[in-house]
Structures are given as C-alpha cells and as structure tokens.
Amino acid sequence: MKFHIPNALVVSHKKIGDKIYSLIFNAPEIANSASPGQFVHIRCSNGLDPLLRRPISINDVDKEKGLVSIWYQVVGKGTEFLSKVKVGECLDVIGALGRGFDSNIDGKNVLLIGGGMGIAPLIYLGSVISKKNTVRGIFGGRNKDVIPCILSESNFDYELCTEDGSIGREGLVTDLLEDQLHKEKIDAIYSCGPKPMLTAMQRISSREEIPLQVSLEAVMACGVGACLGCAFKGYRDGEEAWLKVCKDGPVFWDSEVKW
Amino acid sequence: MKFHIPNALVVSHKKIGDKIYSLIFNAPEIANSASPGQFVHIRCSNGLDPLLRRPISINDVDKEKGLVSIWYQVVGKGTEFLSKVKVGECLDVIGALGRGFDSNIDGKNVLLIGGGMGIAPLIYLGSVISKKNTVRGIFGGRNKDVIPCILSESNFDYELCTEDGSIGREGLVTDLLEDQLHKEKIDAIYSCGPKPMLTAMQRISSREEIPLQVSLEAVMACGVGACLGCAFKGYRDGEEAWLKVCKDGPVFWDSEVKW
Amino acid sequence: MKEVKLSVDVAGIQMKNPVMTASGTFGFGEVYEDFFSNELLGAMVVKGVTLKARKGNSAPRLVETPAGLINSIGLENPGVKVVLQELLPSLKKYDVPVIVNISGNVVEEYGELAGLLSSSSVVKGLEVNISCPNVKEGGMAFGSSPEMAAKVIREVKKSTNLPVIAKLSPNVTNVVEIALAVEEAGADAISLINTLLGMVIDIKRKKPVLGNIMGGLSGPAVRPVAVRMVWQVAQRVKVPVIGMGGISTAEDALQFIMAGATAVAIGTGQFVNPCCCVDVIKGLEDFCRKNGIKNINDLRGVAWNE
Amino acid sequence: MKEVKLSVDVAGIQMKNPVMTASGTFGFGEVYEDFFSNELLGAMVVKGVTLKARKGNSAPRLVETPAGLINSIGLENPGVKVVLQELLPSLKKYDVPVIVNISGNVVEEYGELAGLLSSSSVVKGLEVNISCPNVKEGGMAFGSSPEMAAKVIREVKKSTNLPVIAKLSPNVTNVVEIALAVEEAGADAISLINTLLGMVIDIKRKKPVLGNIMGGLSGPAVRPVAVRMVWQVAQRVKVPVIGMGGISTAEDALQFIMAGATAVAIGTGQFVNPCCCVDVIKGLEDFCRKNGIKNINDLRGVAWNE
Ligand SMILES: Cc1cc2nc3c(=O)[nH]c(=O)nc-3n(C[C@H](O)[C@H](O)[C@H](O)COP(=O)(O)OP(=O)(O)OC[C@H]3O[C@@H](n4cnc5c(N)ncnc54)[C@H](O)[C@@H]3O)c2cc1C
Ligand SMILES: Cc1cc2nc3c(=O)[nH]c(=O)nc-3n(C[C@H](O)[C@H](O)[C@H](O)COP(=O)(O)OP(=O)(O)OC[C@H]3O[C@@H](n4cnc5c(N)ncnc54)[C@H](O)[C@@H]3O)c2cc1C
Ligand SMILES: Cc1cc2nc3c(=O)[nH]c(=O)nc-3n(C[C@H](O)[C@H](O)[C@H](O)COP(=O)(O)O)c2cc1C
Ligand SMILES: Cc1cc2nc3c(=O)[nH]c(=O)nc-3n(C[C@H](O)[C@H](O)[C@H](O)COP(=O)(O)O)c2cc1C
Ligand code: FES
Ligand code: FES
C-alpha cells in the first residue's frame with residue numbers, strides 16, 4: 001500500500017556532513033508499511049521549478065511514533081530546496097515505494113556494503129535483519145565529508161573506510177570486503193552506492209557465488225510505475241527487458257541487472 | 001541611475017497587517033538615488049517560477065544607513081515567496097526605477113490621497129515634501145486589515161477612513177477629500193491606490209482645477225523600458241500613445257492618462 | 001446552491017465529470033488505485049497500445065526541464081493481445097468509461113488495432129495517437145499532414161463503431177487544418193495536445209541527455225501552447241475537444257474549458273500530485289458553486305465572447 | 001591556462017564573444033547601460049523595426065506563465081526613419097556590431113527596409129523577422145512556408161550587401177525545410193527561435209488575458225524546443241546558426257553551442273537578470289578555462305558526435 005501524505009510534519013532536520021542532511025518527518029502510514037530498501041518520493045518545492053518529486057531512500061522508521069527518517073545530500077535544485085525546509089513545516093511525500101531488500105531471512109551471515117548516501121537504506125536494513133541474523137556493515141566514501149556523522153547510532157557492527165583515510169581505514173569498501181571474505185563465510189551481500197561500487201560488488205559476489213542484492217538509481221517522474229520512465233536494461237524471466245527502478249526495484253538481484 | 005543589487009541584505013521583515021508586510025533591505029546605491037514614487041523591482045524566488053521580478057513602490061529610505069523600506073501585500077505567488085524571506089538573507093533588487101512624483105515643490109498646500117498599499121509611496125513622498133510644504137494625508141481602505149498598522153510613524157498629518165469604519169472614519173477617501181476641499185485651498189493632489197479611486201480623484205481634481213499626479217500599475221517584465229510590455233493608453237504631446245508605466249511613470253500627470 | 005452538474009458527453013462517451021487521465025501517465029488503471037478510487041474519474045485513458053509488444057526506447061527516458069518534463073518512453077507496451085486479455089478485463093469493475101490509445105507503424109495497423117479493441121466490452125472509445133514524437137515509424141509523422149491524419153482516421157472509422165478520438169500533435173504549422181481534416185474524415189472528437197518535440201543537452205557529457213536524443217515536452221511549461229491550440233480548434237470544429245497539456249489545478253482545467261474544451265486530461269500533473277485528477281474534479285465543482293454555475297457545460301468556450 | 005578565445009564570426013560579423021541581445025528585449029541599446037557596458041557584448045540586436053511607425057498592440061501585453069513569459073507587443077517602434085536618424089547614431093560609439101531586426105507587412109517592405117538600413121554605417125547586419133506572432137499582416141505567416149520565407153530573404157538580399165540573418169518561427173511542422181529554403185535563398189545566417197504562439201485565459205474575467213488574445217511564449221519554458229530546433233537545423237545547413245530561447249545561464253548557452261549554434265542571444269533572461277548577458281559571457285569563459293577548451297568554436301556541435 002502506497003500513501004500520499006501532502007502535509008507530513010518535519011520534526012527534525014539536521015546537517016550531518018558536508019551538504020548532507022538528516023530529516024525526520026511524521027507519516028505514520030508510511031512508517032508502518034515501509035520495509036528496508038523502499039523509498040519516499042518528495043516534493044521539494046511548492047513551485048513548478050523543480051517540477052518533479054525526488055526519490056530518497058528510507059533511512060529508518062519509528063513505527064511507534066510514526067516517524068520516517070531520510071538522509072540526503074544536496075546535489076542540485078531539488079535537494080537545495082529541501083535543505084531549506086524548517087522543523088514545524090510540512091513536506092508533501094509519497095511512500096513507501098518500490099521493492100526493498102529481501103529482509104525476510106533468518107540465521108544468515110550478511111554483509112551490508114554501502115558507499116556515500118547509499119549507506120542510508122542499509123542502516124534501516126541492518127537494524128531490521130540484525131535481530132535474526134549476523135550483520136556486518138562496510139561503509140565507505142571518498143573522504144569523511146561524505147560520511148554522515150551520526151552513523152554511530154546504528155545498532156549493528158560496521159567498519160568505515162575512506163579513500164583518503166580521513167575517517168576509518170584508508171581504502172575502498174572492496175578492500176574491506178575482500179578481507180572479510182577471507183575471515184568468514186558470507187551468505188548474502190546487500191549493497192547500495194555509486195554504480196562503479198555496485199559493479200565491483202557484482203564481480204566479487206559472482207566469483208564467490210554469494211547472492212547479491214543491489215539498490216539502483218534512475219531519474220524518476222511518477223515513482224509508482226505509471227510513466228515507464230525510470231527504465232534500465234535488465235532481465236525478466238531470463239529475457240532482456242527494460243525494468244523499472246521505481247516499481248521492479250530499486251532493489252534488484254544481481255541476476256536481474258545487465259551489468 | 002539604476003542599480004542592480006543582487007544581494008541586498010534584509011535587515012527587517014515584519015507583518016504589519018492582514019497579509020501585509022514591511023521589509024527593509026540594505027542597498028545604499030538605491031537609497032541614495034531614489035525619489036518618492038519610484039519603485040524597486042524584486043526577484044521573489046531563486047527558481048524559475050515565478051520567473052519575473054515584481055515591482056514594489058519605495059515606502060521610505062534612510063540615506064545615511066543605506067536602507068530601503070517597502071510595504072507589500074501577499075496577493076499571489078511572487079509576494080508569497082517574498083514573505084518567506086528571512087532577516088539576514090539577501091534579496092535581488094533593481095532600483096530605483098521609474099519617474100516619481102514631482103517633489104520639487106515649495107510652499108504649497110498638498111493633499112496625499114492613498115488607498116490600501118497605495119499608501120506606501122505616499123509616506124515617502126510626504127516625509128520629503130512636508131519639509132517645505134503643508135502636507136495632509138487622507139488614507140483609506142476597505143477595512144482595517146488592509147491598512148498597515150505602522151502607519152502612525154509618519155511625520156506629517158493624516159486622517160484614516162475605512163469603508164466599514166473599523167478604523168478611522170467610516171467612508172471613502174473621496175468623502176474626506178470633499179470635506180477638506182471645503183475647508184481650504186489645495187494646490188496639488190498626489191494619489192496612489194486602486195484604479196476606481198484614482199478615477200474618482202481625477203473627477204474631483206478636474207472639477208476643482210487642482211493639478212493631480214497619480215501612480216499607476218501594470219504587469220511588468222523588465223521594469224526598465226526594454227520590453228515595452230507595461231503599456232497603457234495615454235497621451236504624449238497631446239497625441240494618443242502607449243505610455244510605459246515603468247519608464248514614463250509609474251507617476252503620471254492627470255493629463256497624460258486616458259481616463 | 002444545489003448540486004453542480006459536472007457530467008459531460010464526449011462523442012457519446014458519458015462521463016460523470018470532465019476529467020480524464022492522459023494516455024501514458026496512468027498505466028492501465030492499476031497504478032493510482034492506492035491514492036484514489038478510479039470510480040471518481042470522468043474517464044480512464046490507458047497507455048498507448050500497439051499491435052505487437054514494444055520494448056520502448058533506451059535509457060535515460062526522462063529529463064526534467066523548467067516547469068516541464070521530457071519523456072522518450074517510445075510506446076513501451078505488451079501489445080494489444082496482452083492488453084485485451086490481461087489488462088483491460090480488470091477495469092470492467094469500474095463504472096467509468098475506458099478509452100484505449102492506439103498507435104500504428106503503418107496506416108493498416110491502426111485499423112487492425114481498432115478492430116481488435118472493438119471486440120472488448122470494456123472499451124468505450126479509441127484515442128488515435130497520430131502524434132507520438134518518440135517512435136521512428138509512424139507516430140508524429142501521421143499527425144503532421146492533413147492528408148495522412150485523415151487517412152488514419154478513415155481507416156480506424158472503417159474498423160470500429162466506437163467513438164474515435166483523434167489525438168493531434170502540437171508540432172505543426174497549422175493545427176486547425178489538421179483538426180478540420182480529421183473531423184472531415186469522421187473523427188468523433190479531438191484530443192490536444194500531445195507533447196512538443198524537445199531535447200536537453202548534458203553539457204558535462206557533451207551529449208543529449210536522453211537515450212533517444214529527442215523526446216516529448218509536457219507539463220506546465222507547454223500549457224500556454226495547449227490552451228492556444230484548443231482555443232483555435234474548438235472554434236472551428238463541431239466535434240468535442242479534449243484539452244490537455246500542463247494541467248495541474250482546477251484553474252488550469254478551467255482555462256481549457258473556457259477556451260472551448262468539453263473535457264480535459266491530466267498527465268504530468270499526476271506525477272507531481274498523485275491525487276491531481278480528483279483534486280481538479282473537486283476544484284471544478286467548488287468553482288462552479290462559488291460562481292453560481294449550475295452546469296459545467298455552460299463554461300465551455302465562454303472566453304470566446306467579445 | 002592562457003586566454004580563452006571566445007570570439008566568433010557570424011557570416012562575416014566579427015563578434016568578440018558569442019553572446020548577443022535578442023531583438024525586442026534590449027530597446028535600441030540604451031536601456032541596460034546603467035547595468036553594464038554595451039562594449040562587453042558580442043553583438044547588439046535592436047528592437048524590430050518597420051517602415052512606418054507602429055503603436056503596438058493593446059494592453060495588457062504581458063502575461064507570465066510557468067517558467068515563461070508571453071508578450072504581444074506588436075512591434076511597437078518609431079519607424080525606420082526615426083531609427084536611422086535618432087536611435088542608431090548613438091550606438092556608433094561602441095566597438096560592437098549592431099544588427100537591426102526588420103519586419104514588413106508585405107514582401108516589398110522588407111526590401112525597402114533593407115535598402116534604407118544599408119545606408120547606415122552603424123548597421124553591421126540585418127535580422128529578418130519572418131516569425132513575429134504578434135502582428136496581423138505578414139509576421140509569422142512569412143515564416144510558415146518555405147516558399148514565402150525564401151521570397152522574403154531573396155527580396156532582402158537584392159537590396160543589401162549586409163549579412164542577412166533569417167529569424168525563423170518555431171511554430172512550424174518542419175523547421176529544417178524552412179531553414180534550407182532560406183539558406184538556398186541566400187540567407188547568410190539563421191536565428192532561432194522566435195516565440196511560440198501561446199495564450200492564457202483569465203478565469204475570473206472569463207477572457208483571454210492579453211489584449212491581443214494570443215502572444216509569443218519565451219523564456220526557460222521553451223528552451224527544450226529551441227535546443228531541439230537548433231540541433232536539427234545546424235546539422236543540415238552550412239550557414240551559422242544563432243540560438244536563442246530561454247537562455248539565462250552559461251550552462252543554457254552551452255547547450256545551444258553544443259547543439260550547433262555559432263552564437264546565442266538572450267531575451268527574457270535579461271528581464272530577470274539585467275546583467276544576464278555579461279554573466280553568461282563570463283560563465284562561458286569559466287567553463288572553457290575549467291575544461292581546457294582554448295577556443296569556444298571547438299564546442300560548436302560537439303553533442304552531434306556519437
Ligand atoms: C531509489 C532512489 C533512492 C535514493 N536515495 C537517496 C538517498 O537516500 N539520499 C540521497 O541523497 N539521494 C538519494 N537518491 C538520489 C536523489 O534522488 C538525487 O540526488 C536527487 O533526485 C537529486 O535532485 P536535485 O534536484 O537535487 O538534483 P538535480 O538538479 O536533479 O541534479 C543535479 C545534478 O546531480 C546529478 N544527480 C542526479 N541524481 C544524482 C545522484 N543520485 N547522485 C549524484 N548526482 C546526481 C544530476 O545529473 C545533475 O547533474 C536516490 C535516488 C533513487 C532513484
Ligand atoms: C509601480 C508599481 C508599484 C507597486 N507597488 C506596490 C507596493 O508598494 N506594495 C504592494 O503590495 N504592491 C505593489 N504593486 C503591486 C505588485 O507589483 C503586485 O501585487 C505583485 O506584482 C503581485 O505579484 P504576485 O506574484 O504576488 O501575484 P500574481 O501571482 O502575479 O498575481 C496574483 C493575483 O493578483 C492579481 N494582481 C496582480 N497585481 C495586482 C495588484 N497590483 N493588486 C492586486 N492584485 C494584483 C493578479 O491579477 C492575480 O489575479 C506595485 C505595482 C507596480 C506596477
Ligand atoms: C511519460 C509520458 C508518456 C506518454 N505516453 C503517451 C502515449 O502512450 N500515447 C499518447 O497519445 N500520449 C502519451 N503521452 C502524452 C500525454 O498523454 C499528454 O498528451 C501530454 O503529456 C500533455 O499532457 P500533460 O502536460 O498533462 O502531461 C505521454 C506523456 C508522458 C509524460
Ligand atoms: C518582449 C519581447 C519582444 C520581442 N520583440 C521581438 C522583435 O521585435 N523582433 C523579433 O524578431 N523578436 C522579438 N522577440 C523574440 C526574441 O527576440 C526571442 O527570439 C525570443 O524571446 C526567445 O528568446 P528568450 O527566451 O531569450 O526571450 C521579442 C521577445 C520578447 C520577450
Ligand atoms: S518513475 Fe515512473 S515508472 Fe518509474
Ligand atoms: S516593464 Fe518592460 S517596458 Fe515597462
């Protein structure tokens with residue numbers, strides 16, 4: 001079930017990095033129906049420019065209080081407008097949208113590999129699946145500026161790395177991943193981040209024959225499968241097809257993606 | 001001389017009536033070159049919707065401090081955006097634009113007749129010409145909501161009236177004007193307000209043979225005479241012509257207007 | 001004031017209000033069910049259907065522009081057979097007319113599609129897309145000359161008894177000429193506008209943004225062009241006009257109605273506000289009530305009066 | 001990095017940078033002097049001139065639309081005589097080419113205007129407006145058919161030795177066809193686009209907003225259509241193309257240049273930001289410097305490459 005909440009009250013809005021913000025809004029329907037990997041579709045301005053909503057992953061929910069948290073980075077007009085919203089004002093939000101991660105698992109040894117803002121949905125995923133599984137996060141980015149500073153609040157173990165070593169280990173998430181693969185048997189990898197990182201994940205996971213789920217991005221209009229605009233080339237029932245990130249994903253199995 | 005001040009600091013922004021605001025920004029060049037009846041052309045949003053600037057009369061200037069004051073009423077998108085601007089933020093302003101009132105007068109008995117937001121430029125005018133002339137204001141509006149509540153700060157005498165008597169006398173500015181005309185000889189009438197009010201002024205002033213200047217409005221694009229868009233039918237050198245509100249006005253002599 | 005009459009008749013298609021979905025922005029009626037009941041709509045116009053399945057154009061297919069959206073979907077759809085067997089039957093449950101938008105590569109395909117779709121009891125009308133800017137063969141080319149446009153409409157009329165709506169392209173020198181040609185050819189109604197051909201260049205990559213290079217511009221940016229074309233066409237044809245292009249509020253819809261449209265369609269507006277259609281319907285009712293208008297049909301073309 | 005070469009040659013008109021003012025948005029060069037020195041411009045294109053003085057259309061003449069502006073000025077100008085005697089001479093002091101935009105009611109008037117203006121040493125080029133949507137006779141009609149367009153250009157060419165720029169209308173089915181026709185007729189360059197025909201209805205007054213009912217849509221809203229037309233035309237003609245329509249930043253201008261424009265013009269953007277032209281010039285230089293482009297001409301049409 002998808003909900004349109006035209007007046008979701010903003011209860012918290014904080015800067016948590018260089019151009020990175022954490023925003024929490026009240027939307028009980030979305031909080032209650034969401035699952036990790038799903039996203040919300042946010043109207044960033046009341047005007048007609050920018051016209052379209054912007055998709056942002058759900059970073060966490062508080063079902064009891066009816067709250068939804070997102071992390072976002074200012075990269076253009078929409079997110080710039082969003083960053084101006086004040087606590088006490090309202091947001092126009094649709095959610096929870098899309099197909100999330102397969103979180104219905106038990107007793108598995110799972111790695112969450114996130115890059116930059118791709119860490120956001122993995123926090124939510126980790127907090128849900130860590131109840132019944134062994135979960136470890138490997139999160140990275142170019143430098144410490146792109147790593148949200150409130151990460152420490154997560155309720156599962158994780159390691160950080162940056163390319164310049166400004167926070168965590170110096171190196172790429174793939175380096176840490178390889179290390180981890182030497183140490184223990186991994187049952188599944190869930191990943192979200194820039195395309196090159198995902199491609200690297202795919203290479204490693206297929207070599208190791210570990211099931212992989214990745215969260216993809218595409219420019220979106222409707223966010224609900226109406227416009228067929230967010231297409232990317234993948235496979236459905238073994239045949240090449242234009243999958244829709246907003247509806248068939250944003251989370252896909254390795255095998256669904258044409259790498 | 002016209003100036004483009006892309007980052008005029010907002011130093012004060014107050015609600016002074018129902019949907020009416022007073023805003024003061026720093027723009028020494030404009031403050032120093034302005035004369036009563038001129039206007040500023042304000043970009044109300046950084047986005048492309050609304051696209052165009054909005055013309056607002058100068059309500060007062062503080063040449064020493066380099067400040068410009070405007071009063072405006074929220075009537076649509078542009079003024080709505082404007083009302084969201086915070087003290088400490090910047091406005092993109094062009095000014096001072098247009099031809100103002102003939103304020104180079106001495107020893108005259110002058111009436112300023114203003115309706116609604118049309119009061120704003122007359123405050124500036126009155127404060128300038130009251131030094132060398134006898135000035136009296138007659139200001140009115142539908143009800144007290146459309147009368148800026150900080151009016152009392154003016155430095156010349158005035159009377160208020162509203163159609164419902166909710167503030168000042170009950171009645172129209174024309175009623176008070178007629179009263180005043182019985183009491184004394186008036187040398188000039190300067191007026192700004194809704195079109196029907198101006199038309200009434202014209203009828204009375206021509207009957208009494210009192211020189212009249214009125215400030216007119218039109219939808220504007222450039223505000224500087226480039227687009228020829230703000231045209232209204234008037235007379236130039238006795239011949240019918242499309243005068244430009246932004247350049248030939250906004251203040252016109254009675255005789256220039258095709259009533 | 002008593003009830004406002006919002007119902008309209010578009011070439012025999014009875015609509016409880018003048019608001020329909022624009023083809024290609026509503027899927028096959030399933031996508032917005034979580035947000036509002038389809039039952040509330042004046043009519044449902046479903047995604048463009050072709051004879052064979054089409055995979056659509058390569059990605060990216062969307063780019064946002066100032067107050068607008070360019071799409072180059074390329075008529076992705078599962079083909080008329082699947083549409084008839086799997087998608088349309090589920091729409092039977094709504095007491096709302098279903099209009100199917102059709103596109104062919106060649107004139108004959110339009111006739112074939114019309115024939116096939118006429119067999120369905122769900123379908124209450126056909127919207128003939130001779131204006132798609134996103135396909136190589138056919139598409140906009142059919143809508144660019146009065147002769148070709150008329151030919152397609154005649155072919156469709158031969159093959160169906162359903163009301164036939166010609167959907168015109170705004171990318172023409174003289175839209176009235178095309179409108180008169182399709183009316184003459186038997187079109188029972190006219191839809192306008194489809195999208196304006198446009199493109200955006202990514203200056204970082206030094207390439208067109210869209211995989212297909214060009215696409216169709218829709219949304220508020222094009223509204224002034226759309227209102228103008230409805231104004232021009234509605235004064236010249238006798239058949240009803242369905243107006244669309246950049247509608248996102250009741251005020252926008254009223255511009256089209258006052259310009260002469262019998263009904264309106266909403267596309268891009270739905271992407272921004274998923275409840276756009278129902279908000280517009282409610283807004284139309286409010287406007288009529290406030291302004292003492294008893295019947296929305298009384299507003300049609302009122303702006304023509306001197 | 002060393003100096004970036006921004007200068008371009010448009011049909012023999014030497015411009016120190018590719019940015020010019022769009023006709024009708026810059027008066028006769030006097031209005032923006034308080035904001036920047038005209039000396040900085042690539043070229044000055046002045047307001048459309050006609051043989052006789054024109055009073056222009058009735059008010060209101062402007063209406064804002066989403067990310068756009070509709071105008072129906074109607075070529076208000078004092079006539080070519082006054083322009084030659086009183087307005088152009090003051091532009092002599094700038095080391096910047098002046099291009100005069102001309103409009104006629106009938107074909108012969110274009111020739112007459114061209115002849116008269118060629119006598120002025122200030123005028124470095126003529127932009128032939130066969131695309132004005134705001135006048136009853138002539139105007140857009142000339143730009144709507146390849147034959148008429150060519151006829152006007154031939155007439156102008158006969159009467160002048162100045163470079164002749166044909167300014168095309170976007171309100172056509174096939175802009176390439178018109179472009180090829182004017183090139184064939186001798187046009188030395190092509191400007192596009194003029195405004196898109198549009199209108200807005202005031203739903204409170206139940207009437208068109210503009211006194212002239214319809215007007216020309218400009219501004220960011222139309223940019224995707226303009227870029228597309230430049231892209232289509234520049235790949236087919238040999239003469240240089242001047243791109244315009246919705247430019248307000250250097251990034252916007254670069255889209256046009258990468259689509260194949262040799263120069264660009266700015267209209268509505270100036271109304272929003274009076275320093276738009278100089279900001280764009282500066283932005284072009286910055287872009288080139290940052291991206292190691294030594295000569296702006298190297299960016300022309302780069303988006304055509306596969
Ligand atoms: C399913 C999904 C989930 C997402 N979750 C998040 C999230 O949790 N946090 C978050 O910060 N972002 C997330 N994004 C990305 C986010 O949607 C975009 O960053 C946003 O739409 C950009 O809007 P804008 O108006 O600020 O930028 P635009 O003006 O639209 O674009 C500005 C520039 O940024 C580029 N750009 C566009 N998208 C991205 C991107 N994803 N990354 C970097 N550059 C981009 C554009 O090409 C352009 O050059 C998600 C995207 C998807 C599809
Ligand atoms: C020279 C000049 C000086 C002005 N000085 C002032 C001033 O000091 N204070 C002030 O508040 N306003 C002033 N105005 C009017 C002001 O410019 C407009 O109210 C403003 O442009 C409206 O912009 P908007 O985007 O809020 O409304 P829009 O969205 O543009 O319009 C919203 C609605 O209001 C209507 N509207 C437009 N202009 C006016 C108007 N003038 N009055 C009432 N309704 C209008 C429109 O037709 C529309 O229906 C002045 C105008 C001019 C030309
Ligand atoms: C994503 C998208 C897909 C579309 N697909 C079709 C289609 O299949 N057939 C058709 O006739 N029009 C199609 N259109 C055009 C719309 O039906 C409509 O004519 C146009 O978008 C203008 O309306 P709007 O501004 O409300 O979107 C499509 C438009 C969009 C944005
Ligand atoms: C107010 C106004 C007046 C114009 N007058 C003319 C004109 O006289 N001659 C002409 O060829 N084009 C005229 N145009 C069209 C512009 O030159 C330009 O082609 C168009 O506005 C698109 O550019 P823009 O989006 O940068 O404004 C005018 C445009 C505007 C907005
Ligand atoms: S964004 Fe519309 S289908 Fe995915
Ligand atoms: S607003 Fe442009 S001439 Fe007055």
# chains A, B, ... in the order shown; residues from 1 in each chain; ligands from 1
$ closest_atom_pairs --of "chain B" --to "ligand 6" --cutoff "10 Å" --atoms "only C-alpha atoms and all ligand atoms" --output "CSV"
residue,atom,partner,partner_atom_place_in_ligand_line,distance
B:His41,CA,ligand 6,1 (S),9.8
B:Arg53,CA,ligand 6,1 (S),9.8
B:Arg54,CA,ligand 6,1 (S),10.0
B:Pro55,CA,ligand 6,1 (S),9.1
B:Gly98,CA,ligand 6,4 (Fe),9.1
B:Ala218,CA,ligand 6,1 (S),8.0
B:Val219,CA,ligand 6,1 (S),7.1
B:Met220,CA,ligand 6,1 (S),3.8
B:Ala221,CA,ligand 6,1 (S),4.4
B:Cys222,CA,ligand 6,2 (Fe),4.0
B:Gly223,CA,ligand 6,1 (S),3.8
B:Val224,CA,ligand 6,2 (Fe),5.6
B:Gly225,CA,ligand 6,3 (S),3.4
B:Ala226,CA,ligand 6,3 (S),4.8
B:Cys227,CA,ligand 6,2 (Fe),3.9
B:Leu228,CA,ligand 6,3 (S),3.7
B:Gly229,CA,ligand 6,2 (Fe),4.9
B:Cys230,CA,ligand 6,4 (Fe),4.3
B:Ala231,CA,ligand 6,4 (Fe),6.9
B:Leu243,CA,ligand 6,4 (Fe),9.0
B:Lys244,CA,ligand 6,4 (Fe),5.3
B:Val245,CA,ligand 6,4 (Fe),5.8
B:Cys246,CA,ligand 6,4 (Fe),4.3
B:Lys247,CA,ligand 6,4 (Fe),6.2
B:Asp248,CA,ligand 6,4 (Fe),8.6
B:Gly249,CA,ligand 6,4 (Fe),9.2
B:Pro250,CA,ligand 6,4 (Fe),9.5
$ residues_around --residues "A:Gly171" --least-positions-apart "2" --cutoff "6 Å" --atoms "only C-alpha atoms" --output "list in words"
Cys161, Thr162 and Glu163 of chain A
$ closest_residue --among "A:Leu122, A:Leu91, A:Met197, A:Gly114" --to "A:Leu160" --atoms "only C-alpha atoms"
A:Gly114
$ residues_near_ligand --ligand "ligand 2" --cutoff "8 Å" --atoms "only C-alpha atoms and all ligand atoms" --output "PyMOL selection string"
(chain B and resi 20+38-40+50+53-59+70-81+98+117-121+194+215-220+245-246+249-250) or (chain D and resi 64)
$ closest_atom_pairs --of "stretch 200-224 of chain D" --to "stretch 189-213 of chain C" --cutoff "10 Å" --atoms "only C-alpha atoms" --output "Markdown table"
| residue | atom | partner | partner_atom | distance |
| --- | --- | --- | --- | --- |
| D:Val222 | CA | C:Gly198 | CA | 8.7 |
| D:Arg223 | CA | C:Gly198 | CA | 8.2 |
| D:Pro224 | CA | C:Gly198 | CA | 4.6 |
$ interface_residues --of "chain D" --to "chain A" --cutoff "12 Å" --atoms "only C-alpha atoms" --output "JSON, numbers by chain"
{"D": [65, 66, 67, 68, 220, 221]}
$ residues_around --residues "A:Val110" --least-positions-apart "3" --cutoff "9 Å" --atoms "only C-alpha atoms" --output "VMD selection string"
chain A and resid 129 to 130 133 to 137 186 to 190
$ residues_near_ligand --ligand "ligand 3" --cutoff "8 Å" --atoms "only C-alpha atoms and all ligand atoms" --output "count of residues only"
57
$ atom_distance --atom1 "atom CA of A:Trp259" --atom2 "atom CA of A:Leu52"
28.2 Å
$ closest_residue --among "B:Leu111, B:Ile138, B:Lys63, B:Leu51" --to "ligand 4" --atoms "only C-alpha atoms and all ligand atoms"
B:Leu51
